[in-house]
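Note: the block below is input18.cif and it holds mmCIF, C-alpha atoms.
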```cif
data_model
loop_
_atom_site.label_atom_id
_atom_site.label_comp_id
_atom_site.auth_asym_id
_atom_site.auth_seq_id
_atom_site.Cartn_x
_atom_site.Cartn_y
_atom_site.Cartn_z
CA MET A 1 5.09 -31.63 -7.64
CA ALA A 2 7.38 -30.46 -10.47
CA ALA A 3 5.08 -27.50 -11.08
CA PHE A 4 6.28 -25.90 -7.85
CA ASN A 5 9.95 -25.67 -8.98
CA VAL A 6 11.43 -25.60 -5.46
CA PRO A 7 14.53 -23.36 -5.18
CA SER A 8 17.51 -25.12 -3.58
CA ASN A 9 17.61 -22.74 -0.60
CA VAL A 10 14.03 -23.45 0.57
CA TYR A 11 14.00 -27.18 1.23
CA SER A 12 13.31 -26.58 4.94
CA PHE A 13 10.39 -24.40 3.91
CA PHE A 14 9.13 -27.22 1.70
CA HIS A 15 9.11 -29.75 4.55
CA ARG A 16 7.61 -27.35 7.13
CA THR A 17 4.65 -26.51 4.92
CA GLU A 18 3.45 -29.84 3.54
CA MET A 19 -0.21 -29.04 4.25
CA SER A 20 0.07 -25.70 2.45
CA ARG A 21 1.58 -27.48 -0.53
CA ALA A 22 -1.26 -30.00 -0.59
CA TRP A 23 -3.89 -27.27 -0.18
CA VAL A 24 -2.50 -25.18 -3.06
CA LYS A 25 -2.30 -28.23 -5.31
CA LYS A 26 -5.97 -28.95 -4.58
CA ALA A 27 -6.94 -25.28 -5.00
CA MET A 28 -5.34 -25.18 -8.45
CA ASP A 29 -8.24 -27.32 -9.67
CA ILE A 30 -10.71 -24.49 -9.06
CA MET A 31 -8.65 -21.26 -8.94
CA PRO A 32 -6.00 -20.20 -11.48
CA GLY A 33 -2.67 -20.80 -9.78
CA GLY A 34 -4.54 -21.81 -6.63
CA VAL A 35 -5.04 -18.17 -5.57
CA THR A 36 -7.67 -15.43 -5.80
CA ALA A 37 -5.10 -12.68 -6.45
CA ASN A 38 -1.77 -12.96 -8.24
CA ILE A 39 0.03 -10.95 -5.58
CA LYS A 40 -0.81 -13.61 -2.96
CA SER A 41 1.33 -16.20 -4.74
CA PHE A 42 5.08 -16.79 -4.50
CA PRO A 43 7.34 -19.73 -5.41
CA PRO A 44 7.37 -22.60 -4.70
CA TYR A 45 3.81 -22.01 -3.39
CA PRO A 46 2.19 -19.57 -0.95
CA ILE A 47 1.74 -20.42 2.73
CA VAL A 48 -1.90 -21.06 3.55
CA MET A 49 -2.98 -19.48 6.82
CA LYS A 50 -5.52 -20.86 9.27
CA SER A 51 -5.80 -18.21 12.00
CA GLY A 52 -4.49 -14.89 13.24
CA HIS A 53 -4.30 -13.08 16.56
CA GLY A 54 -2.55 -9.87 17.54
CA ALA A 55 0.82 -9.81 15.78
CA TYR A 56 0.70 -13.50 14.80
CA LEU A 57 -0.46 -15.84 12.06
CA GLU A 58 -0.71 -19.63 12.17
CA ASP A 59 -0.61 -21.72 9.02
CA VAL A 60 -2.43 -24.97 8.22
CA ASP A 61 0.66 -26.94 9.29
CA GLY A 62 0.54 -25.38 12.76
CA ASN A 63 3.58 -23.10 12.27
CA GLU A 64 3.34 -19.74 14.04
CA TYR A 65 4.70 -16.53 12.51
CA ILE A 66 5.14 -12.95 13.62
CA ASP A 67 3.21 -11.21 10.87
CA TYR A 68 4.99 -8.32 9.17
CA LEU A 69 2.95 -8.44 5.98
CA LEU A 70 -0.24 -7.53 7.91
CA ALA A 71 -2.43 -7.89 4.81
CA TYR A 72 -0.04 -5.64 2.85
CA GLY A 73 -0.09 -3.04 5.61
CA ALA A 74 -3.85 -2.92 6.21
CA LEU A 75 -3.77 -4.28 9.78
CA LEU A 76 -2.12 -1.45 11.72
CA VAL A 77 -4.34 -2.47 14.66
CA GLY A 78 -3.24 -6.12 14.35
CA HIS A 79 -5.39 -9.24 14.04
CA ASN A 80 -8.64 -9.59 15.96
CA HIS A 81 -8.37 -6.40 18.02
CA PRO A 82 -11.11 -6.44 20.70
CA LYS A 83 -12.21 -2.87 19.91
CA ILE A 84 -12.77 -3.83 16.29
CA LYS A 85 -15.01 -6.74 17.29
CA GLU A 86 -16.88 -4.51 19.73
CA SER A 87 -17.47 -1.87 17.06
CA ILE A 88 -19.01 -4.43 14.68
CA VAL A 89 -21.42 -5.83 17.27
CA ARG A 90 -22.31 -2.35 18.56
CA GLN A 91 -23.07 -1.04 15.06
CA MET A 92 -25.43 -3.89 14.24
CA GLU A 93 -27.18 -3.59 17.60
CA GLU A 94 -27.53 0.18 17.38
CA ASP A 95 -28.57 0.32 13.72
CA GLY A 96 -30.52 -2.93 13.56
CA THR A 97 -28.97 -3.75 10.19
CA ASN A 98 -25.57 -4.06 8.60
CA LEU A 99 -26.57 -2.19 5.42
CA PHE A 100 -28.97 0.69 4.80
CA GLY A 101 -28.46 1.41 1.12
CA THR A 102 -29.27 5.02 2.05
CA PRO A 103 -27.37 7.93 3.62
CA HIS A 104 -26.67 7.44 7.35
CA GLU A 105 -25.08 9.32 10.24
CA ARG A 106 -21.76 7.47 10.28
CA GLU A 107 -20.89 8.76 6.81
CA TYR A 108 -20.85 12.35 8.08
CA ARG A 109 -19.26 11.52 11.42
CA LEU A 110 -16.29 9.63 9.99
CA GLY A 111 -15.86 12.24 7.27
CA LYS A 112 -15.43 15.00 9.85
CA ARG A 113 -12.80 12.96 11.71
CA ILE A 114 -10.89 12.27 8.50
CA GLN A 115 -10.87 15.99 7.72
CA SER A 116 -9.31 16.72 11.11
CA TYR A 117 -6.24 14.66 10.11
CA TYR A 118 -6.28 15.47 6.38
CA PRO A 119 -7.32 19.13 6.06
CA SER A 120 -6.75 19.00 2.29
CA MET A 121 -9.89 16.82 2.09
CA GLU A 122 -12.54 19.54 2.02
CA MET A 123 -15.12 17.02 0.83
CA VAL A 124 -15.08 13.20 0.77
CA ARG A 125 -16.59 10.24 -1.02
CA TYR A 126 -16.40 6.61 0.13
CA THR A 127 -15.47 3.67 -2.09
CA ASN A 128 -14.95 -0.05 -1.50
CA SER A 129 -11.17 -0.17 -1.98
CA GLY A 130 -8.12 1.92 -2.66
CA THR A 131 -8.27 0.79 -6.27
CA GLU A 132 -11.81 2.15 -6.61
CA GLY A 133 -10.56 5.29 -4.91
CA THR A 134 -7.83 5.97 -7.48
CA LEU A 135 -10.33 5.26 -10.27
CA LEU A 136 -12.65 7.92 -8.87
CA ALA A 137 -9.84 10.43 -8.27
CA ILE A 138 -8.63 10.13 -11.86
CA ARG A 139 -12.17 10.48 -13.21
CA LEU A 140 -12.73 13.56 -11.04
CA ALA A 141 -9.55 15.13 -12.40
CA SER A 142 -10.55 14.40 -15.99
CA SER A 143 -14.05 15.75 -15.44
CA TYR A 144 -12.80 18.92 -13.76
CA THR A 145 -10.10 19.73 -16.32
CA GLY A 146 -11.78 18.34 -19.44
CA LYS A 147 -8.56 16.43 -20.24
CA GLN A 148 -7.98 12.69 -20.47
CA LYS A 149 -4.24 12.13 -20.13
CA ILE A 150 -2.71 11.37 -16.76
CA ALA A 151 0.87 11.10 -15.56
CA LYS A 152 2.17 8.52 -13.10
CA PHE A 153 5.64 7.70 -11.83
CA GLU A 154 7.71 4.70 -12.82
CA GLY A 155 7.67 2.14 -10.01
CA HIS A 156 4.38 3.33 -8.51
CA TYR A 157 1.26 1.15 -8.19
CA HIS A 158 -2.26 2.58 -8.15
CA GLY A 159 -4.44 -0.47 -8.75
CA GLY A 160 -4.75 -3.39 -11.13
CA TYR A 161 -6.77 -1.74 -13.90
CA ASP A 162 -5.89 -0.79 -17.48
CA GLN A 163 -5.59 2.96 -17.01
CA VAL A 164 -2.66 2.84 -14.57
CA LEU A 165 -1.16 -0.65 -14.91
CA PHE A 166 1.98 0.63 -16.59
CA SER A 167 5.68 0.82 -15.66
CA ILE A 168 5.54 -0.59 -12.15
CA HIS A 169 8.55 -2.89 -12.58
CA PRO A 170 9.37 -2.49 -16.29
CA ASP A 171 12.18 -4.43 -17.92
CA ASP A 172 15.27 -2.45 -18.83
CA GLN A 173 14.98 -3.09 -22.57
CA ASN A 174 11.61 -1.36 -22.91
CA ALA A 175 11.62 1.16 -20.06
CA GLY A 176 13.47 3.93 -21.90
CA PRO A 177 16.02 6.33 -20.39
CA ALA A 178 15.90 7.05 -16.67
CA HIS A 179 15.11 10.75 -17.11
CA ALA A 180 12.34 10.10 -19.67
CA PRO A 181 10.79 6.65 -19.05
CA LYS A 182 8.41 5.06 -21.53
CA PRO A 183 5.09 3.40 -20.67
CA VAL A 184 5.39 -0.38 -20.38
CA ALA A 185 2.22 -2.43 -19.85
CA GLU A 186 2.34 -4.68 -16.77
CA SER A 187 -0.26 -7.18 -17.98
CA LYS A 188 -1.64 -8.97 -20.98
CA GLY A 189 -5.08 -7.89 -22.11
CA ILE A 190 -4.67 -4.13 -21.60
CA ASP A 191 -6.43 -2.01 -24.21
CA PRO A 192 -3.58 -0.39 -26.21
CA ASN A 193 -5.53 2.87 -26.32
CA TYR A 194 -4.69 3.44 -22.65
CA GLU A 195 -1.00 3.72 -23.53
CA LYS A 196 -1.84 6.82 -25.57
CA ASN A 197 -3.22 8.55 -22.48
CA ILE A 198 -0.51 7.70 -19.94
CA VAL A 199 2.69 9.65 -19.35
CA ILE A 200 5.46 8.10 -17.22
CA LEU A 201 7.58 10.27 -14.93
CA PRO A 202 10.95 9.64 -13.22
CA PHE A 203 10.51 9.53 -9.41
CA ASN A 204 12.79 11.79 -7.37
CA ASP A 205 14.10 13.46 -10.54
CA LEU A 206 12.61 16.96 -10.50
CA LYS A 207 14.43 18.18 -13.60
CA GLY A 208 13.27 15.22 -15.68
CA THR A 209 9.74 15.41 -14.28
CA GLU A 210 9.43 19.13 -14.98
CA ALA A 211 10.59 18.72 -18.57
CA ILE A 212 7.99 16.01 -19.24
CA LEU A 213 5.16 17.88 -17.52
CA LYS A 214 5.98 21.07 -19.41
CA ALA A 215 5.88 19.18 -22.73
CA HIS A 216 2.45 17.69 -21.90
CA LYS A 217 0.95 20.52 -19.80
CA ASP A 218 -1.93 21.18 -22.19
CA GLU A 219 -2.96 17.51 -22.29
CA LEU A 220 -2.67 16.37 -18.68
CA SER A 221 -5.55 16.28 -16.22
CA ALA A 222 -3.57 14.93 -13.29
CA VAL A 223 -0.35 13.63 -11.82
CA ILE A 224 -0.90 10.70 -9.46
CA ILE A 225 1.87 9.74 -7.06
CA GLU A 226 2.68 7.51 -4.13
CA PRO A 227 4.46 10.08 -1.93
CA MET A 228 6.60 7.16 -0.80
CA GLN A 229 7.10 4.65 -3.60
CA GLY A 230 5.81 1.24 -2.57
CA GLY A 231 5.15 2.78 0.85
CA PHE A 232 8.86 2.91 1.76
CA ILE A 233 11.01 4.85 -0.76
CA PRO A 234 10.35 8.46 0.25
CA ALA A 235 10.19 11.37 -2.11
CA THR A 236 12.86 13.88 -1.20
CA ARG A 237 11.41 17.06 0.27
CA SER A 238 12.83 19.17 -2.54
CA PHE A 239 11.26 16.83 -5.11
CA ILE A 240 7.77 16.66 -3.61
CA HIS A 241 7.57 20.39 -2.92
CA GLY A 242 8.90 21.10 -6.39
CA LEU A 243 6.26 18.82 -7.90
CA ARG A 244 3.53 20.68 -6.03
CA LYS A 245 4.75 24.01 -7.48
CA ILE A 246 4.99 22.62 -11.02
CA THR A 247 1.49 21.15 -11.00
CA GLU A 248 0.07 24.40 -9.64
CA ARG A 249 1.90 26.39 -12.33
CA TYR A 250 0.48 24.27 -15.15
CA GLY A 251 -3.00 23.74 -13.69
CA ILE A 252 -2.52 19.96 -13.34
CA ILE A 253 -4.41 18.18 -10.55
CA LEU A 254 -2.04 16.58 -8.00
CA ILE A 255 -3.35 13.29 -6.59
CA PHE A 256 -1.71 11.72 -3.54
CA ASP A 257 -2.30 7.98 -3.48
CA GLU A 258 -1.98 7.41 0.28
CA VAL A 259 -3.50 3.94 0.31
CA LYS A 260 -0.22 2.59 1.72
CA THR A 261 1.06 5.66 3.59
CA GLY A 262 -2.20 6.96 5.04
CA PHE A 263 -2.15 6.62 8.87
CA ARG A 264 1.15 4.68 8.68
CA ILE A 265 3.42 7.69 8.17
CA GLY A 266 1.85 9.14 11.28
CA ILE A 267 -1.90 9.49 11.57
CA GLY A 268 -1.94 12.39 9.09
CA GLY A 269 -0.18 10.44 6.38
CA ALA A 270 2.57 11.56 4.02
CA GLN A 271 0.97 14.94 3.36
CA SER A 272 1.34 15.80 7.02
CA PHE A 273 4.91 14.46 7.00
CA TYR A 274 5.79 16.70 4.02
CA ASN A 275 3.44 19.56 4.97
CA ILE A 276 1.83 19.55 1.52
CA GLN A 277 -1.80 19.80 0.48
CA PRO A 278 -2.54 17.81 -2.68
CA ASP A 279 -5.65 18.57 -4.72
CA LEU A 280 -7.03 15.05 -4.23
CA THR A 281 -6.16 12.26 -1.77
CA VAL A 282 -6.97 8.56 -1.83
CA LEU A 283 -6.99 6.60 1.45
CA GLY A 284 -7.62 2.90 2.10
CA LYS A 285 -6.13 -0.17 3.81
CA VAL A 286 -5.42 0.93 7.42
CA ILE A 287 -8.64 2.87 7.97
CA GLY A 288 -10.71 -0.25 7.20
CA GLY A 289 -9.14 -2.27 10.02
CA GLY A 290 -9.10 -5.34 7.80
CA PHE A 291 -12.30 -4.58 5.90
CA PRO A 292 -12.47 -3.18 2.33
CA ILE A 293 -12.73 0.61 2.10
CA GLY A 294 -11.45 3.57 0.16
CA ILE A 295 -11.90 7.28 0.79
CA VAL A 296 -11.42 9.99 -1.82
CA GLY A 297 -11.23 13.59 -0.72
CA GLY A 298 -9.92 16.95 -1.78
CA ARG A 299 -10.85 20.36 -3.03
CA LYS A 300 -14.54 21.15 -2.87
CA ASP A 301 -14.70 22.48 -6.43
CA ILE A 302 -13.31 19.19 -7.76
CA LEU A 303 -15.44 16.88 -5.59
CA MET A 304 -18.59 18.77 -6.60
CA GLU A 305 -18.13 17.30 -10.07
CA CYS A 306 -19.89 14.18 -8.77
CA SER A 307 -22.74 15.92 -6.93
CA PRO A 308 -26.06 14.42 -8.08
CA SER A 309 -27.67 17.87 -7.69
CA ARG A 310 -26.14 18.66 -11.08
CA SER A 311 -28.13 15.89 -12.75
CA ALA A 312 -31.73 15.71 -13.83
CA ASN A 313 -31.35 11.94 -14.13
CA LEU A 314 -32.87 9.91 -11.28
CA LEU A 315 -29.81 7.66 -11.33
CA GLY A 316 -27.53 10.66 -10.77
CA GLY A 317 -25.82 10.34 -14.14
CA GLY A 318 -25.87 12.13 -17.46
CA THR A 319 -23.72 14.59 -19.35
CA ASN A 320 -23.72 17.29 -16.64
CA VAL A 321 -22.38 15.22 -13.76
CA LEU A 322 -19.63 12.73 -13.05
CA PHE A 323 -21.32 9.46 -12.17
CA HIS A 324 -20.04 7.70 -9.06
CA SER A 325 -21.95 5.04 -7.19
CA GLY A 326 -21.71 1.71 -5.38
CA THR A 327 -24.15 -0.25 -3.25
CA TYR A 328 -21.58 -0.73 -0.48
CA ASN A 329 -20.03 2.75 -0.50
CA GLY A 330 -20.02 4.03 3.07
CA HIS A 331 -20.94 0.61 4.45
CA PRO A 332 -22.11 1.28 8.05
CA THR A 333 -20.30 -1.69 9.61
CA ILE A 334 -17.01 -0.74 7.97
CA LEU A 335 -17.38 2.91 8.92
CA ALA A 336 -17.97 1.85 12.52
CA VAL A 337 -14.75 -0.17 12.31
CA ALA A 338 -12.96 2.86 10.83
CA GLU A 339 -13.98 4.97 13.83
CA ALA A 340 -12.63 2.27 16.14
CA VAL A 341 -9.36 2.24 14.17
CA LEU A 342 -8.97 5.98 14.76
CA ASP A 343 -9.70 5.52 18.46
CA ILE A 344 -6.97 2.87 18.69
CA LEU A 345 -4.45 4.95 16.75
CA GLU A 346 -5.12 8.03 18.84
CA GLU A 347 -4.27 5.95 21.91
CA ASP A 348 -1.47 3.68 20.66
CA GLY A 349 -0.25 5.16 17.37
CA LYS A 350 2.80 6.99 18.75
CA ALA A 351 4.05 3.89 20.57
CA VAL A 352 4.14 1.76 17.41
CA LEU A 353 6.04 4.52 15.62
CA LYS A 354 8.73 4.34 18.31
CA ARG A 355 8.90 0.53 18.21
CA THR A 356 9.32 0.62 14.43
CA GLU A 357 12.27 2.98 14.72
CA GLN A 358 13.76 0.73 17.40
CA LEU A 359 13.44 -2.36 15.20
CA LYS A 360 14.90 -0.59 12.16
CA LYS A 361 17.93 0.63 14.09
CA GLU A 362 18.65 -2.74 15.70
CA LEU A 363 18.31 -4.57 12.37
CA GLU A 364 20.72 -2.15 10.73
CA ASP A 365 23.16 -2.77 13.60
CA LEU A 366 22.89 -6.54 13.10
CA PHE A 367 23.59 -6.32 9.38
CA ARG A 368 26.48 -3.90 9.90
CA LYS A 369 28.12 -6.23 12.43
CA ARG A 370 27.70 -9.09 9.96
CA GLY A 371 29.34 -6.98 7.25
CA ILE A 372 26.31 -6.78 4.97
CA PRO A 373 25.32 -3.29 3.71
CA MET A 374 21.67 -2.64 4.61
CA ASN A 375 19.23 0.23 5.00
CA ALA A 376 15.90 -0.25 6.76
CA LEU A 377 14.29 2.21 4.38
CA GLY A 378 10.98 3.85 5.18
CA GLU A 379 9.14 6.26 7.45
CA GLY A 380 6.52 5.75 10.12
CA THR A 381 5.41 2.16 10.71
CA ILE A 382 6.48 0.80 7.32
CA PHE A 383 9.92 -0.03 5.91
CA SER A 384 11.81 -2.45 3.71
CA ILE A 385 15.14 -4.24 4.02
CA VAL A 386 17.28 -2.78 1.23
CA LEU A 387 20.68 -4.45 0.81
CA SER A 388 22.75 -1.56 -0.43
CA GLU A 389 25.35 0.89 0.87
CA LYS A 390 23.46 3.85 -0.57
CA ILE A 391 19.92 5.10 0.03
CA VAL A 392 17.90 4.20 -3.07
CA LYS A 393 15.61 6.87 -4.50
CA ASN A 394 13.52 5.00 -7.08
CA ASP A 395 12.68 1.62 -8.53
CA ARG A 396 15.61 1.51 -10.96
CA GLU A 397 18.06 2.01 -8.10
CA LEU A 398 16.20 -0.60 -6.03
CA GLN A 399 16.70 -3.16 -8.80
CA THR A 400 20.49 -2.71 -8.54
CA THR A 401 20.58 -3.78 -4.87
CA ASN A 402 21.39 -7.32 -3.70
CA LEU A 403 17.96 -8.79 -4.41
CA SER A 404 19.15 -12.41 -4.54
CA LEU A 405 20.54 -12.23 -0.99
CA ARG A 406 17.40 -10.46 0.20
CA LYS A 407 15.27 -13.26 -1.24
CA LYS A 408 17.42 -15.93 0.41
CA ILE A 409 17.16 -14.19 3.79
CA ASP A 410 13.38 -13.88 3.45
CA TYR A 411 12.92 -17.62 2.86
CA LEU A 412 15.21 -18.49 5.75
CA LEU A 413 13.23 -16.13 8.00
CA LEU A 414 10.01 -17.96 7.12
CA ASN A 415 11.57 -21.04 8.68
CA GLU A 416 12.32 -18.93 11.79
CA GLY A 417 8.71 -17.81 12.14
CA ILE A 418 9.03 -14.31 10.61
CA TYR A 419 6.38 -13.72 7.95
CA THR A 420 6.26 -11.38 5.08
CA LYS A 421 5.88 -12.36 1.47
CA PRO A 422 9.46 -12.70 0.17
CA MET A 423 10.81 -9.38 -1.15
CA ASN A 424 7.96 -7.41 0.40
CA ARG A 425 8.02 -4.47 2.79
CA TYR A 426 7.56 -4.75 6.56
CA SER A 427 4.65 -3.22 8.44
CA LEU A 428 4.17 -3.09 12.20
CA SER A 429 0.97 -2.97 14.23
CA VAL A 430 -0.04 -1.84 17.70
CA ALA A 431 0.20 -5.53 18.66
CA HIS A 432 3.93 -5.70 17.87
CA GLY A 433 5.56 -5.19 21.27
CA GLU A 434 8.97 -5.71 22.84
CA ARG A 435 8.55 -9.51 22.85
CA GLU A 436 7.91 -9.57 19.10
CA ILE A 437 10.86 -7.29 18.40
CA GLU A 438 13.17 -9.47 20.51
CA ARG A 439 12.01 -12.63 18.72
CA THR A 440 12.48 -10.95 15.35
CA LEU A 441 16.02 -9.90 16.18
CA GLU A 442 16.81 -13.42 17.41
CA ALA A 443 15.49 -14.86 14.14
CA TYR A 444 17.60 -12.46 12.10
CA GLN A 445 20.65 -13.29 14.18
CA ASN A 446 20.11 -17.01 13.55
CA VAL A 447 19.80 -16.40 9.81
CA LEU A 448 22.66 -13.92 9.43
CA TYR A 449 25.16 -15.78 11.59
CA LYS A 450 24.19 -19.45 11.33
CA LYS A 451 22.32 -20.00 8.05
CA LEU A 452 23.97 -17.77 5.45
#
```

As a first step, turn the structure in this file into structure tokens.
Amino acid sequence: MAAFNVPSNVYSFFHRTEMSRAWVKKAMDIMPGGVTANIKSFPPYPIVMKSGHGAYLEDVDGNEYIDYLLAYGALLVGHNHPKIKESIVRQMEEDGTNLFGTPHEREYRLGKRIQSYYPSMEMVRYTNSGTEGTLLAIRLASSYTGKQKIAKFEGHYHGGYDQVLFSIHPDDQNAGPAHAPKPVAESKGIDPNYEKNIVILPFNDLKGTEAILKAHKDELSAVIIEPMQGGFIPATRSFIHGLRKITERYGIILIFDEVKTGFRIGIGGAQSFYNIQPDLTVLGKVIGGGFPIGIVGGRKDILMECSPSRSANLLGGGTNVLFHSGTYNGHPTILAVAEAVLDILEEDGKAVLKRTEQLKKELEDLFRKRGIPMNALGEGTIFSIVLSEKIVKNDRELQTTNLSLRKKIDYLLLNEGIYTKPMNRYSLSVAHGEREIERTLEAYQNVLYKKL
């Protein structure tokens, strides 16, 4: 078991999760690292789950956890919500199939509901994930402007593909100065040509951002941004409104990647929170209710770049049109689930916002009484535990916080039945009620006062 390299502070974790350890060891024979996605792994080994219900997960060892990872924020309606199950059965009974491979009514119906919450989305296209959504948004911007370079912010994640997999958590030696960061590849195997077409911007630094955008204004098709970095470090209002003005001045397409923040920062996402209309928006995660989906929407003149009416090619491609396709785009079962998600959020969304604020405040009180500086940083139903006296404004400032203590607390909380991947953000669902909040506070109290 030497390959697992067990940290000294997680021996209780090691003994509580023997079946997970055995499962991962077996899985390593057929999957690299024993996982199907690198992000699902953490040392000494990931916990293997067996079942989920409401706000809870149960692992293969029989340990129960209050789930705050919620599939990286996707499950705002919780696990196994009855209305989600009903929507799946009803769709298959009504439609007689789970896949048409043709246009169908639900595509239009869901699109109209999305527009009611995101008025910037004058037209929409469906994809199979948020990653596919950002791919399409970037291609739309390049097609519309005739330019290939894009700008992204240091610390922001937009998918695991070559074009944007730069400067998410760059090392200090290669990242460049804070006001003018350099592109740093986040993976082996990335085509070096992509580095020539990526510009890195400093988040929450309007002066630095404006200087870089001005220098590259004739080359850039788009700026893509998480309005709240990682879903929980918010852009200041002066910064985000300033960015909107700068991109309009230089004719650069502004893309809001709201895969994390959509529906979680209120049902209208971050653009409603900031009262800003981006040119393009990418949604995902929450709206799928646990199923894969992405939605790209925005200005009609930009979305029309992918209209097949512009093509004489039967496949909808060619030099006169942006090609976008996918067998499962607008999958009828998933769109039925998405409508059910909106129904649930319209009914219960405000309550979970209030419970999140309650939990954040009470956690901050616990840490303050224990003498540990902490901010429960985030808006809406998503936040992170940041061990710092000051409010951090970007990834570089986040890296200066007490990360080692945060990691220790996270592992100790796993032993108390509180689940999020260590060092990750917290998300709440409609299934997280007063009982779950009380149990969470008790677990934190045990860790902060008895285990540290």

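Shortest separation to A:Ser307 among A:Ile382, A:Ile114, A:Leu322, A:Leu201 occurs at residue A:Leu322, atoms counted being only C-alpha atoms.
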
Find the smallest box with edges along x, y and z containing every listed atom of stretch 294-311 of chain A, then add 5 Å on each side and report centre and edge lengths in Å to one decimal, as AutoDock Vina command-line options.
```
--center_x -19.0 --center_y 13.0 --center_z -6.0 --size_x 28.2 --size_y 28.9 --size_z 23.5
```

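With atom CA of A:Phe203 on one side and atom CA of A:Phe42 on the other, the separation reads 27.3 Å.
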
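Checking A:Lys25, A:Lys196, A:His179, A:Lys149 one by one against A:Ala211, counting all atoms listed in the file, you find the shortest gap at A:His179.
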
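Using only C-alpha atoms, the nearest neighbour of A:Gly159 within the list A:Asp257, A:Glu248, A:Glu107, A:Asp301 is A:Asp257.
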
For a quick check of understanding, using only C-alpha atoms, which of A:Gly290, A:Ser429, A:Asn415, A:Gly52 has the smallest distance to A:His15? A:Asn415

Can you pull out the residues contacting A:Leu335? Cut-off 8 Å, using only C-alpha atoms, and skip same-chain residues under 3 positions away; I want them as a PyMOL selection string. chain A and resi 106-107+110+288+330-332+338-339

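As for atom CA of A:Ile267 and atom CA of A:Tyr117, they are spaced 6.9 Å apart.
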
Taking only C-alpha atoms into account, which of A:Arg113, A:Lys85, A:His53, A:Lys214 comes nearest A:Ile334? A:Lys85

Decode the PyMOL selection byres ((chain A and resi 341) around 8) for the given file into explicit residues and return them as a ChimeraX atom specification. /A:77,84,286-289,337-340,342-345

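Atom to atom, atom CA of A:Leu363 and atom CA of A:Tyr157 stand 27.3 Å apart.
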
Could you check which residues have any atom within 12 Å of (6.0, -19.7, -2.4), counting only C-alpha atoms with coordinates taken straight from the file, and then list them as number ranges by chain? A: 3-7, 10-11, 13-14, 17, 20-21, 24, 33-35, 38-48, 407, 410-411, 414, 419-423

Nearest to A:Lys354, chosen from A:Ile437, A:Ile200, A:Ala137, A:Ala336, with only C-alpha atoms counted in the distances: A:Ile437

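Those DNA, RNA and protein residues that approach the point (-9.4, -1.9, -0.2) to within 8 Å, considering only C-alpha atoms, are Asn128, Ser129, Gly130, Thr131, Glu132, Gly284, Lys285, Gly288, Phe291, Pro292, Ile293 and Gly294 of chain A.
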
Dump as a CSV table (one decimal), in the coordinates of the input, selection limited to C-alpha atoms:
```csv
chain,number,residue,atom,x,y,z
A,128,ASN,CA,-15.0,0.0,-1.5
A,129,SER,CA,-11.2,-0.2,-2.0
A,130,GLY,CA,-8.1,1.9,-2.7
A,131,THR,CA,-8.3,0.8,-6.3
A,132,GLU,CA,-11.8,2.2,-6.6
A,284,GLY,CA,-7.6,2.9,2.1
A,285,LYS,CA,-6.1,-0.2,3.8
A,288,GLY,CA,-10.7,-0.2,7.2
A,291,PHE,CA,-12.3,-4.6,5.9
A,292,PRO,CA,-12.5,-3.2,2.3
A,293,ILE,CA,-12.7,0.6,2.1
A,294,GLY,CA,-11.4,3.6,0.2
```

Counting all atoms listed in the file, which residues of stretch 326-380 of chain A fall within 9 Å of stretch 233-241 of chain A, and what is the closest atom pair for each with its distance in Å at one decimal, ordered by chain and rising number, as a tab-separated table?
```
residue	atom	partner	partner_atom	distance
A:Leu377	CA	A:Ile233	CA	6.6
A:Gly378	CA	A:Ile233	CA	6.0
A:Glu379	CA	A:Pro234	CA	7.6
```

Any chance you could resolve the PyMOL selection byres ((chain A and resi 270) around 12) against this file and give the residues as an NGL selection string? :A and (117-118 or 225-229 or 231-237 or 240 or 256-269 or 271-278 or 281-283 or 378-382)

I'd like the neighbourhood of A:Met123 as a VMD selection string, where a residue qualifies if any of its atoms comes within 6 Å (using only C-alpha atoms), though same-chain residues fewer than 3 positions away should be ignored. chain A and resid 297 to 298 300

If the PyMOL selection byres ((chain A and resi 401) around 10) were run on this exact file, what residues would it hold? Put them as a short mmCIF file (atom, residue, chain, number, x, y, z; two decimals) with C-alpha atoms, in the frame of the given file.
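So the final result, stored in selection.cif, reads:
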```cif
data_model
loop_
_atom_site.label_atom_id
_atom_site.label_comp_id
_atom_site.auth_asym_id
_atom_site.auth_seq_id
_atom_site.Cartn_x
_atom_site.Cartn_y
_atom_site.Cartn_z
CA PRO A 373 25.32 -3.29 3.71
CA MET A 374 21.67 -2.64 4.61
CA VAL A 386 17.28 -2.78 1.23
CA LEU A 387 20.68 -4.45 0.81
CA SER A 388 22.75 -1.56 -0.43
CA GLU A 389 25.35 0.89 0.87
CA LYS A 390 23.46 3.85 -0.57
CA VAL A 392 17.90 4.20 -3.07
CA ARG A 396 15.61 1.51 -10.96
CA GLU A 397 18.06 2.01 -8.10
CA LEU A 398 16.20 -0.60 -6.03
CA GLN A 399 16.70 -3.16 -8.80
CA THR A 400 20.49 -2.71 -8.54
CA ASN A 402 21.39 -7.32 -3.70
CA LEU A 403 17.96 -8.79 -4.41
CA SER A 404 19.15 -12.41 -4.54
CA LEU A 405 20.54 -12.23 -0.99
CA ARG A 406 17.40 -10.46 0.20
#
```
